[in-house]
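Structure data follow from my_file_19.cif (mmCIF, C-alpha atoms):
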data_coords
#
loop_
_atom_site.label_atom_id
_atom_site.label_comp_id
_atom_site.auth_asym_id
_atom_site.auth_seq_id
_atom_site.Cartn_x
_atom_site.Cartn_y
_atom_site.Cartn_z
CA MET A 1 104.06 -39.26 215.75
CA HIS A 2 102.20 -40.29 218.88
CA LYS A 3 104.24 -42.33 221.35
CA SER A 4 103.29 -43.08 224.93
CA SER A 5 105.20 -44.66 227.78
CA ARG A 6 101.86 -45.30 229.51
CA ILE A 7 100.82 -47.99 227.05
CA ARG A 8 101.74 -51.53 228.03
CA ARG A 9 102.14 -54.35 225.55
CA GLY A 10 101.76 -58.04 226.20
CA TYR A 11 100.36 -61.38 225.14
CA THR A 12 97.57 -63.62 226.27
CA SER A 13 96.41 -66.89 224.72
CA CYS A 14 93.67 -67.93 222.30
CA ARG A 15 92.83 -70.95 220.15
CA PHE A 16 95.22 -69.74 217.45
CA GLY A 17 98.20 -69.20 219.76
CA HIS A 18 99.44 -65.90 221.14
CA LEU A 19 97.04 -62.95 221.17
CA HIS A 20 98.86 -59.61 221.34
CA TYR A 21 97.39 -56.56 223.03
CA ARG A 22 98.09 -52.98 224.01
CA SER A 23 96.80 -51.84 227.39
CA CYS A 24 96.61 -48.72 229.51
CA GLY A 25 95.05 -47.52 232.73
CA SER A 26 93.87 -49.48 235.74
CA ALA A 27 90.65 -51.05 236.96
CA ALA A 28 88.18 -48.55 238.41
CA PRO A 29 85.28 -49.53 240.71
CA ASP A 30 82.87 -47.14 238.97
CA ARG A 31 83.87 -47.80 235.34
CA ASN A 32 83.95 -50.97 233.30
CA PRO A 33 87.06 -51.91 231.32
CA VAL A 34 87.01 -51.15 227.60
CA VAL A 35 88.16 -53.55 224.86
CA LEU A 36 89.02 -52.14 221.44
CA LEU A 37 88.88 -54.12 218.17
CA HIS A 38 90.60 -52.60 215.14
CA GLN A 39 89.93 -52.39 211.40
CA ASN A 40 91.52 -54.56 208.74
CA PRO A 41 94.43 -54.70 207.85
CA SER A 42 95.67 -52.57 210.75
CA SER A 43 96.50 -53.56 214.32
CA SER A 44 95.90 -52.10 217.76
CA TYR A 45 98.65 -49.61 216.85
CA GLU A 46 96.02 -47.41 215.19
CA TYR A 47 94.37 -46.95 218.59
CA GLU A 48 97.41 -45.82 220.61
CA ALA A 49 96.27 -42.23 221.14
CA LEU A 50 92.72 -43.42 221.91
CA ILE A 51 94.01 -46.09 224.29
CA GLU A 52 95.88 -43.44 226.24
CA ALA A 53 92.91 -41.07 226.31
CA LEU A 54 90.50 -43.76 227.52
CA GLY A 55 93.07 -45.13 229.97
CA ARG A 56 93.09 -42.00 232.08
CA ASP A 57 90.15 -43.19 234.18
CA ARG A 58 89.58 -46.87 233.30
CA LEU A 59 91.30 -50.05 232.19
CA VAL A 60 91.71 -50.42 228.42
CA TYR A 61 92.77 -53.38 226.29
CA ALA A 62 93.16 -53.32 222.50
CA PHE A 63 93.65 -56.72 220.86
CA ASP A 64 95.45 -57.46 217.61
CA THR A 65 93.15 -59.60 215.47
CA PRO A 66 94.69 -63.08 214.93
CA GLY A 67 96.97 -62.90 211.90
CA TYR A 68 97.34 -59.11 212.17
CA GLY A 69 99.73 -56.98 214.16
CA MET A 70 101.69 -59.29 216.44
CA SER A 71 99.02 -61.94 217.06
CA ASP A 72 99.54 -65.47 215.78
CA ALA A 73 97.63 -66.34 212.63
CA PRO A 74 94.93 -68.98 212.27
CA PRO A 75 95.56 -71.72 209.67
CA ALA A 76 92.89 -70.23 207.37
CA PRO A 77 90.49 -67.25 207.38
CA PRO A 78 88.06 -68.03 210.25
CA GLY A 79 85.36 -65.46 209.48
CA MET A 80 84.02 -62.88 211.90
CA ALA A 81 82.65 -65.49 214.31
CA GLY A 82 85.96 -67.35 214.33
CA TYR A 83 87.93 -64.21 215.12
CA ALA A 84 85.42 -63.37 217.86
CA GLN A 85 85.92 -66.80 219.42
CA ALA A 86 89.64 -66.04 219.65
CA PHE A 87 88.86 -62.77 221.44
CA SER A 88 86.55 -64.74 223.75
CA ASP A 89 89.47 -67.01 224.55
CA GLY A 90 91.58 -63.95 225.29
CA LEU A 91 88.99 -62.54 227.68
CA ASP A 92 88.89 -65.85 229.55
CA ALA A 93 92.68 -66.12 229.73
CA LEU A 94 92.98 -62.57 231.06
CA ALA A 95 90.24 -63.27 233.61
CA GLU A 96 92.03 -66.39 234.81
CA SER A 97 95.17 -64.33 235.38
CA GLY A 98 93.17 -61.67 237.22
CA GLU A 99 94.06 -58.95 234.71
CA LEU A 100 90.65 -58.37 233.10
CA THR A 101 87.63 -59.57 235.03
CA GLY A 102 83.91 -58.88 234.94
CA LYS A 103 81.99 -57.35 232.07
CA VAL A 104 83.59 -55.10 229.49
CA ASP A 105 82.47 -52.39 227.09
CA LEU A 106 83.48 -52.90 223.46
CA TYR A 107 84.45 -50.48 220.71
CA GLY A 108 84.98 -51.53 217.09
CA PHE A 109 85.97 -49.58 214.01
CA HIS A 110 85.06 -50.77 210.47
CA THR A 111 86.00 -54.49 210.49
CA GLY A 112 86.04 -54.16 214.27
CA THR A 113 82.33 -53.31 214.30
CA LEU A 114 81.45 -56.82 213.13
CA LEU A 115 84.02 -58.37 215.44
CA ALA A 116 82.51 -56.47 218.37
CA CYS A 117 78.97 -57.54 217.48
CA GLU A 118 80.02 -61.16 217.12
CA LEU A 119 81.84 -61.07 220.46
CA ALA A 120 78.75 -59.50 222.05
CA LEU A 121 76.60 -62.31 220.62
CA ALA A 122 79.04 -65.02 221.73
CA ARG A 123 79.66 -63.64 225.23
CA PRO A 124 76.69 -61.79 226.72
CA ASP A 125 78.14 -62.82 230.08
CA ARG A 126 81.24 -60.68 229.44
CA VAL A 127 80.05 -57.87 227.12
CA ARG A 128 77.95 -55.11 228.65
CA SER A 129 77.69 -52.63 225.76
CA VAL A 130 78.94 -52.10 222.22
CA ALA A 131 80.14 -48.89 220.55
CA LEU A 132 80.77 -48.82 216.81
CA THR A 133 82.11 -46.59 214.04
CA GLY A 134 81.65 -47.35 210.34
CA ILE A 135 79.60 -50.53 209.95
CA PRO A 136 80.44 -51.75 206.39
CA MET A 137 76.94 -52.95 205.41
CA PHE A 138 76.99 -52.23 201.67
CA ASP A 139 74.21 -53.37 199.33
CA GLU A 140 74.22 -57.00 198.23
CA ALA A 141 75.73 -56.35 194.80
CA THR A 142 78.60 -54.33 196.24
CA LEU A 143 79.26 -56.94 198.92
CA ALA A 144 79.31 -59.67 196.26
CA ASP A 145 81.80 -57.73 194.14
CA LYS A 146 84.06 -57.03 197.10
CA LEU A 147 83.93 -60.67 198.20
CA ALA A 148 84.82 -61.88 194.70
CA TYR A 149 87.79 -59.50 194.64
CA ALA A 150 89.00 -60.73 198.04
CA GLU A 151 88.60 -64.39 197.12
CA THR A 152 90.44 -64.05 193.80
CA PHE A 153 93.20 -61.70 194.94
CA PRO A 154 96.45 -63.07 193.48
CA THR A 155 99.11 -64.65 195.65
CA PRO A 156 102.62 -63.14 195.69
CA ASP A 157 104.63 -63.80 192.55
CA GLU A 158 108.37 -64.20 192.00
CA ASP A 159 108.95 -60.78 190.44
CA GLY A 160 107.00 -59.01 193.21
CA THR A 161 104.41 -57.42 190.95
CA VAL A 162 101.46 -58.32 193.18
CA ILE A 163 103.08 -57.01 196.36
CA ILE A 164 104.56 -53.92 194.74
CA ASP A 165 101.20 -52.95 193.25
CA LEU A 166 99.48 -53.55 196.58
CA LEU A 167 102.04 -51.44 198.44
CA SER A 168 101.76 -48.67 195.86
CA ASN A 169 97.98 -48.48 196.22
CA LEU A 170 98.26 -48.70 200.00
CA TRP A 171 100.75 -45.82 200.07
CA LYS A 172 98.47 -43.68 197.90
CA TYR A 173 95.54 -44.26 200.23
CA VAL A 174 97.22 -44.15 203.64
CA VAL A 175 99.88 -41.50 203.00
CA GLY A 176 98.95 -39.65 199.83
CA ALA A 177 95.23 -39.22 200.59
CA ARG A 178 95.58 -38.69 204.36
CA ASP A 179 93.97 -35.86 206.27
CA PRO A 180 96.42 -32.93 206.01
CA ARG A 181 96.53 -32.70 209.80
CA VAL A 182 98.29 -36.08 210.04
CA PRO A 183 102.08 -35.60 210.01
CA LEU A 184 104.00 -37.46 207.32
CA GLU A 185 105.96 -39.45 209.92
CA LYS A 186 102.76 -40.75 211.52
CA ALA A 187 101.26 -41.57 208.13
CA VAL A 188 104.35 -43.60 207.26
CA PHE A 189 103.99 -45.61 210.47
CA ASN A 190 100.29 -46.16 209.68
CA PHE A 191 101.34 -47.46 206.25
CA ALA A 192 103.92 -49.78 207.77
CA ASP A 193 101.36 -51.15 210.22
CA LYS A 194 98.97 -52.07 207.40
CA ALA A 195 101.76 -53.38 205.16
CA ASN A 196 102.89 -55.80 207.85
CA VAL A 197 100.34 -58.45 206.78
CA LEU A 198 100.54 -58.49 203.00
CA ASP A 199 100.29 -62.28 202.86
CA ARG A 200 96.97 -62.14 204.78
CA PHE A 201 95.74 -58.81 203.48
CA THR A 202 92.32 -60.13 202.41
CA TRP A 203 91.67 -62.67 205.18
CA ALA A 204 89.47 -60.52 207.41
CA TYR A 205 87.89 -58.87 204.35
CA LYS A 206 86.56 -62.27 203.29
CA GLY A 207 84.69 -62.38 206.59
CA VAL A 208 83.43 -58.80 206.24
CA TRP A 209 82.09 -59.16 202.70
CA SER A 210 80.44 -62.54 203.39
CA TYR A 211 78.96 -61.48 206.72
CA ASP A 212 75.27 -62.08 207.45
CA TYR A 213 74.27 -58.56 208.46
CA ALA A 214 70.96 -59.84 209.82
CA ARG A 215 73.03 -60.89 212.83
CA LEU A 216 73.22 -57.23 213.85
CA GLU A 217 69.55 -57.51 214.79
CA MET A 218 70.42 -60.19 217.37
CA VAL A 219 72.69 -57.97 219.47
CA GLU A 220 70.81 -57.31 222.70
CA GLN A 221 73.31 -55.11 224.52
CA PRO A 222 73.00 -51.32 224.42
CA ALA A 223 74.76 -50.08 221.28
CA PHE A 224 76.11 -46.75 220.13
CA LEU A 225 77.13 -45.62 216.63
CA LEU A 226 79.66 -42.78 216.58
CA GLN A 227 79.68 -41.89 212.90
CA PRO A 228 81.92 -39.46 210.99
CA ALA A 229 81.07 -38.21 207.50
CA GLU A 230 83.12 -40.93 205.82
CA GLN A 231 82.46 -42.87 202.64
CA ILE A 232 80.48 -45.59 204.42
CA ARG A 233 78.33 -43.21 206.45
CA GLU A 234 75.04 -44.16 204.76
CA PRO A 235 75.57 -47.95 204.92
CA SER A 236 76.63 -47.57 208.55
CA LEU A 237 73.53 -45.59 209.52
CA LYS A 238 71.31 -48.17 207.82
CA ALA A 239 73.09 -50.94 209.71
CA ALA A 240 72.65 -49.17 213.04
CA ALA A 241 68.92 -48.84 212.35
CA ARG A 242 68.69 -52.63 212.23
CA MET A 243 70.04 -53.01 215.76
CA GLN A 244 67.71 -53.36 218.74
CA ARG A 245 69.11 -50.68 221.04
CA CYS A 246 71.43 -48.45 219.04
CA THR A 247 71.69 -44.70 219.54
CA VAL A 248 73.56 -42.53 217.03
CA THR A 249 75.86 -39.54 217.29
CA GLU A 250 77.30 -38.10 214.10
CA MET A 251 80.56 -36.17 213.65
CA PRO A 252 79.93 -34.33 210.35
CA ASP A 253 83.22 -32.41 210.50
CA LEU A 254 85.35 -35.58 210.55
CA ASP A 255 86.06 -37.99 207.73
CA ARG A 256 89.15 -40.21 207.86
CA ASP A 257 92.19 -40.62 210.16
CA ILE A 258 89.95 -39.88 213.12
CA PHE A 259 92.20 -41.55 215.70
CA ASP A 260 95.11 -39.37 214.65
CA ILE A 261 93.27 -36.04 214.63
CA ALA A 262 90.51 -36.40 217.24
CA PRO A 263 91.35 -39.11 219.82
CA GLU A 264 90.30 -37.02 222.83
CA ARG A 265 86.96 -36.16 221.27
CA ILE A 266 86.26 -39.79 220.38
CA ALA A 267 87.26 -40.89 223.88
CA ASN A 268 84.87 -38.36 225.41
CA GLU A 269 81.97 -39.54 223.24
CA LEU A 270 82.67 -43.17 224.05
CA CYS A 271 83.01 -42.51 227.78
CA ASN A 272 79.72 -40.59 227.81
CA PHE A 273 78.00 -43.62 226.31
CA PHE A 274 79.72 -46.21 228.48
CA ASP A 275 79.25 -44.28 231.70
CA GLN A 276 75.54 -43.53 231.28
CA HIS A 277 74.79 -47.14 232.14
CA GLY A 278 76.84 -47.19 235.34
CA PRO A 279 79.22 -50.04 236.23
CA SER A 280 77.92 -53.58 235.81
CA ASP A 281 78.06 -56.25 238.45
CA ARG A 282 81.44 -57.84 238.66
#
As structure tokens, how would this structure be written, given the file I've shared?
Amino acid sequence: MHKSSRIRRGYTSCRFGHLHYRSCGSAAPDRNPVVLLHQNPSSSYEYEALIEALGRDRLVYAFDTPGYGMSDAPPAPPGMAGYAQAFSDGLDALAESGELTGKVDLYGFHTGTLLACELALARPDRVRSVALTGIPMFDEATLADKLAYAETFPTPDEDGTVIIDLLSNLWKYVVGARDPRVPLEKAVFNFADKANVLDRFTWAYKGVWSYDYARLEMVEQPAFLLQPAEQIREPSLKAAARMQRCTVTEMPDLDRDIFDIAPERIANELCNFFDQHGPSDR
């Protein structure tokens, strides 16, 4: 299991309360800070190896989405734009404290791709570029089915059937179907990270499956799709084609668990994209 003493953990503030983050590295005059936004229902824990790899030559922050990880929860599902406003609050609070100033580069994975795009739309003054992996832009019928499932997912019952079934399916996916290169111990920790939010398991999904994907066309910052050969490869490539300034690099030899098996490679690809633009004005 990956563990690093270089990663710092802390809290800043947002409209929903405390916003938890993991951080590494230090500000560099020739490189912009990077902010990472995770998939649902994980937390910034999934990025630990990537945080460390990116943090070798720049400042890195990875936020826990409100209601996930160790961030305070909103009173109700706020949608992608609502989550992005909380991240905007966090950027402002960190700027006021002098910890994270100037423009940042974003990276989002799965749910995090939409969060990154929404943050880029909301804060062009703070977001310089956007890197993405796995944009979940399914066809309309599939999105409707997934949204209906999320909106009708049963609440926990007294005998625990709902939670036990959810945990069983989660274990099968995260541990049982993992890439064989991921050690069992690490897979168990990945499972525990996702299982931490069972009462809000579908909250961010409601925002993903109801998202207006035409908003991708409004993102004006340079964008980069780093795409493995995963299940949502085709929808993701179609989504990237809708963006104004998106270049694509595929990783056909990778599928799932990419942050556990290829963090250095992903960090190198992201740094190549971020650094080609040079540092922005601070």
What are the closest atom pairs, with distances in Å to one decimal, for each residue of region 211-257 of chain A lying within 12 Å of region 105-126 of chain A, using all atoms listed in the file, rows by chain and rising residue number, as a Markdown table?
| residue | atom | partner | partner_atom | distance |
| --- | --- | --- | --- | --- |
| A:Tyr211 | CA | A:Leu114 | CA | 8.3 |
| A:Asp212 | CA | A:Leu114 | CA | 9.9 |
| A:Tyr213 | CA | A:Leu114 | CA | 8.7 |
| A:Ala214 | CA | A:Cys117 | CA | 11.3 |
| A:Arg215 | CA | A:Glu118 | CA | 8.2 |
| A:Leu216 | CA | A:Cys117 | CA | 6.8 |
| A:Glu217 | CA | A:Cys117 | CA | 9.8 |
| A:Met218 | CA | A:Leu121 | CA | 7.3 |
| A:Val219 | CA | A:Leu121 | CA | 6.0 |
| A:Glu220 | CA | A:Leu121 | CA | 7.9 |
| A:Gln221 | CA | A:Ala120 | CA | 7.4 |
| A:Pro222 | CA | A:Asp105 | CA | 9.9 |
| A:Ala223 | CA | A:Cys117 | CA | 9.4 |
| A:Phe224 | CA | A:Tyr107 | CA | 9.2 |
| A:Leu225 | CA | A:Thr113 | CA | 9.6 |
| A:Leu226 | CA | A:Phe109 | CA | 9.6 |
| A:Gln227 | CA | A:Phe109 | CA | 10.0 |
| A:Pro228 | CA | A:Phe109 | CA | 11.3 |
| A:Glu230 | CA | A:His110 | CA | 11.1 |
| A:Gln231 | CA | A:His110 | CA | 11.4 |
| A:Ile232 | CA | A:His110 | CA | 9.2 |
| A:Arg233 | CA | A:His110 | CA | 10.9 |
| A:Pro235 | CA | A:His110 | CA | 11.3 |
| A:Ser236 | CA | A:His110 | CA | 9.2 |
| A:Ala239 | CA | A:Thr113 | CA | 10.6 |
| A:Ala240 | CA | A:Thr113 | CA | 10.6 |
| A:Met243 | CA | A:Cys117 | CA | 10.2 |
| A:Cys246 | CA | A:Cys117 | CA | 11.9 |
| A:Arg256 | CA | A:His110 | CA | 11.6 |
| A:Asp257 | CA | A:Phe109 | CA | 11.6 |
### Query
Written as a VMD selection string, which residues does the PyMOL selection byres ((chain A and resi 170-180) around 8) give for the file shown?
chain A and resid 166 to 169 181 to 184 187 to 188 190 to 191 195 256 to 257
### Task
Convert the output of the PyMOL selection byres ((chain A and resi 27) around 6) on the shown file into explicit residues, formatted as a ChimeraX atom specification.
/A:26,28,58-59
### Message
Taking the file as I've supplied it (selection: the PyMOL selection byres ((chain A and resi 151-154) around 10)), which residues are included? Please answer as a list in words.
### Response
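Answer for the PyMOL selection byres ((chain A and resi 151-154) around 10): Asp145, Lys146, Leu147, Ala148, Tyr149, Ala150, Thr155, Pro156, Asp157, Val162, Ile163, Phe201, Thr202, Trp203, Tyr205 and Lys206 of chain A.
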### Message
The residues within 7 Å of (91.7, -42.2, 224.9), using only C-alpha atoms and the coordinates of the file, should be reported as an NGL selection string; which are they?
### Response
:A and (49-55 or 263-264 or 267)
Kindly output region 76-92 of chain A as a PDB file, keeping the file's coordinate frame, after building N, CA, C and O atoms.
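Dumped to rebuild_3.pdb:
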ATOM      1  N   ALA A  76      93.672 -70.688 208.509  1.00  0.00           N
ATOM      2  CA  ALA A  76      92.890 -70.230 207.370  1.00  0.00           C
ATOM      3  C   ALA A  76      91.963 -69.127 207.857  1.00  0.00           C
ATOM      4  O   ALA A  76      91.735 -68.988 209.064  1.00  0.00           O
ATOM      5  N   PRO A  77      91.409 -68.312 206.951  1.00  0.00           N
ATOM      6  CA  PRO A  77      90.490 -67.250 207.380  1.00  0.00           C
ATOM      7  C   PRO A  77      89.308 -67.833 208.168  1.00  0.00           C
ATOM      8  O   PRO A  77      88.570 -68.667 207.638  1.00  0.00           O
ATOM      9  N   PRO A  78      89.110 -67.427 209.429  1.00  0.00           N
ATOM     10  CA  PRO A  78      88.060 -68.030 210.250  1.00  0.00           C
ATOM     11  C   PRO A  78      86.715 -67.329 210.202  1.00  0.00           C
ATOM     12  O   PRO A  78      85.757 -67.783 210.837  1.00  0.00           O
ATOM     13  N   GLY A  79      86.607 -66.216 209.480  1.00  0.00           N
ATOM     14  CA  GLY A  79      85.360 -65.460 209.480  1.00  0.00           C
ATOM     15  C   GLY A  79      85.208 -64.629 210.736  1.00  0.00           C
ATOM     16  O   GLY A  79      85.969 -64.771 211.700  1.00  0.00           O
ATOM     17  N   MET A  80      84.216 -63.775 210.758  1.00  0.00           N
ATOM     18  CA  MET A  80      84.020 -62.880 211.900  1.00  0.00           C
ATOM     19  C   MET A  80      83.752 -63.652 213.189  1.00  0.00           C
ATOM     20  O   MET A  80      84.276 -63.314 214.252  1.00  0.00           O
ATOM     21  N   ALA A  81      82.945 -64.699 213.113  1.00  0.00           N
ATOM     22  CA  ALA A  81      82.650 -65.490 214.310  1.00  0.00           C
ATOM     23  C   ALA A  81      83.891 -66.192 214.831  1.00  0.00           C
ATOM     24  O   ALA A  81      84.100 -66.296 216.045  1.00  0.00           O
ATOM     25  N   GLY A  82      84.731 -66.673 213.918  1.00  0.00           N
ATOM     26  CA  GLY A  82      85.960 -67.350 214.330  1.00  0.00           C
ATOM     27  C   GLY A  82      86.934 -66.413 215.004  1.00  0.00           C
ATOM     28  O   GLY A  82      87.555 -66.766 216.015  1.00  0.00           O
ATOM     29  N   TYR A  83      87.088 -65.205 214.455  1.00  0.00           N
ATOM     30  CA  TYR A  83      87.930 -64.210 215.120  1.00  0.00           C
ATOM     31  C   TYR A  83      87.370 -63.869 216.499  1.00  0.00           C
ATOM     32  O   TYR A  83      88.110 -63.728 217.481  1.00  0.00           O
ATOM     33  N   ALA A  84      86.040 -63.724 216.583  1.00  0.00           N
ATOM     34  CA  ALA A  84      85.420 -63.370 217.860  1.00  0.00           C
ATOM     35  C   ALA A  84      85.640 -64.462 218.898  1.00  0.00           C
ATOM     36  O   ALA A  84      85.818 -64.164 220.093  1.00  0.00           O
ATOM     37  N   GLN A  85      85.647 -65.722 218.478  1.00  0.00           N
ATOM     38  CA  GLN A  85      85.920 -66.800 219.420  1.00  0.00           C
ATOM     39  C   GLN A  85      87.336 -66.692 219.982  1.00  0.00           C
ATOM     40  O   GLN A  85      87.579 -67.005 221.152  1.00  0.00           O
ATOM     41  N   ALA A  86      88.271 -66.252 219.158  1.00  0.00           N
ATOM     42  CA  ALA A  86      89.640 -66.040 219.650  1.00  0.00           C
ATOM     43  C   ALA A  86      89.673 -64.925 220.688  1.00  0.00           C
ATOM     44  O   ALA A  86      90.367 -65.033 221.711  1.00  0.00           O
ATOM     45  N   PHE A  87      88.932 -63.844 220.449  1.00  0.00           N
ATOM     46  CA  PHE A  87      88.860 -62.770 221.440  1.00  0.00           C
ATOM     47  C   PHE A  87      88.193 -63.270 222.727  1.00  0.00           C
ATOM     48  O   PHE A  87      88.579 -62.870 223.836  1.00  0.00           O
ATOM     49  N   SER A  88      87.189 -64.134 222.582  1.00  0.00           N
ATOM     50  CA  SER A  88      86.550 -64.740 223.750  1.00  0.00           C
ATOM     51  C   SER A  88      87.564 -65.523 224.568  1.00  0.00           C
ATOM     52  O   SER A  88      87.589 -65.439 225.804  1.00  0.00           O
ATOM     53  N   ASP A  89      88.402 -66.286 223.873  1.00  0.00           N
ATOM     54  CA  ASP A  89      89.470 -67.010 224.550  1.00  0.00           C
ATOM     55  C   ASP A  89      90.379 -66.043 225.313  1.00  0.00           C
ATOM     56  O   ASP A  89      90.783 -66.306 226.454  1.00  0.00           O
ATOM     57  N   GLY A  90      90.709 -64.935 224.660  1.00  0.00           N
ATOM     58  CA  GLY A  90      91.580 -63.950 225.290  1.00  0.00           C
ATOM     59  C   GLY A  90      90.966 -63.349 226.540  1.00  0.00           C
ATOM     60  O   GLY A  90      91.658 -63.160 227.556  1.00  0.00           O
ATOM     61  N   LEU A  91      89.663 -63.055 226.490  1.00  0.00           N
ATOM     62  CA  LEU A  91      88.990 -62.540 227.680  1.00  0.00           C
ATOM     63  C   LEU A  91      89.057 -63.549 228.829  1.00  0.00           C
ATOM     64  O   LEU A  91      89.302 -63.179 229.985  1.00  0.00           O
ATOM     65  N   ASP A  92      88.842 -64.822 228.504  1.00  0.00           N
ATOM     66  CA  ASP A  92      88.890 -65.850 229.550  1.00  0.00           C
ATOM     67  C   ASP A  92      90.286 -65.998 230.124  1.00  0.00           C
ATOM     68  O   ASP A  92      90.457 -66.137 231.349  1.00  0.00           O
TER      69      ASP A  92
END
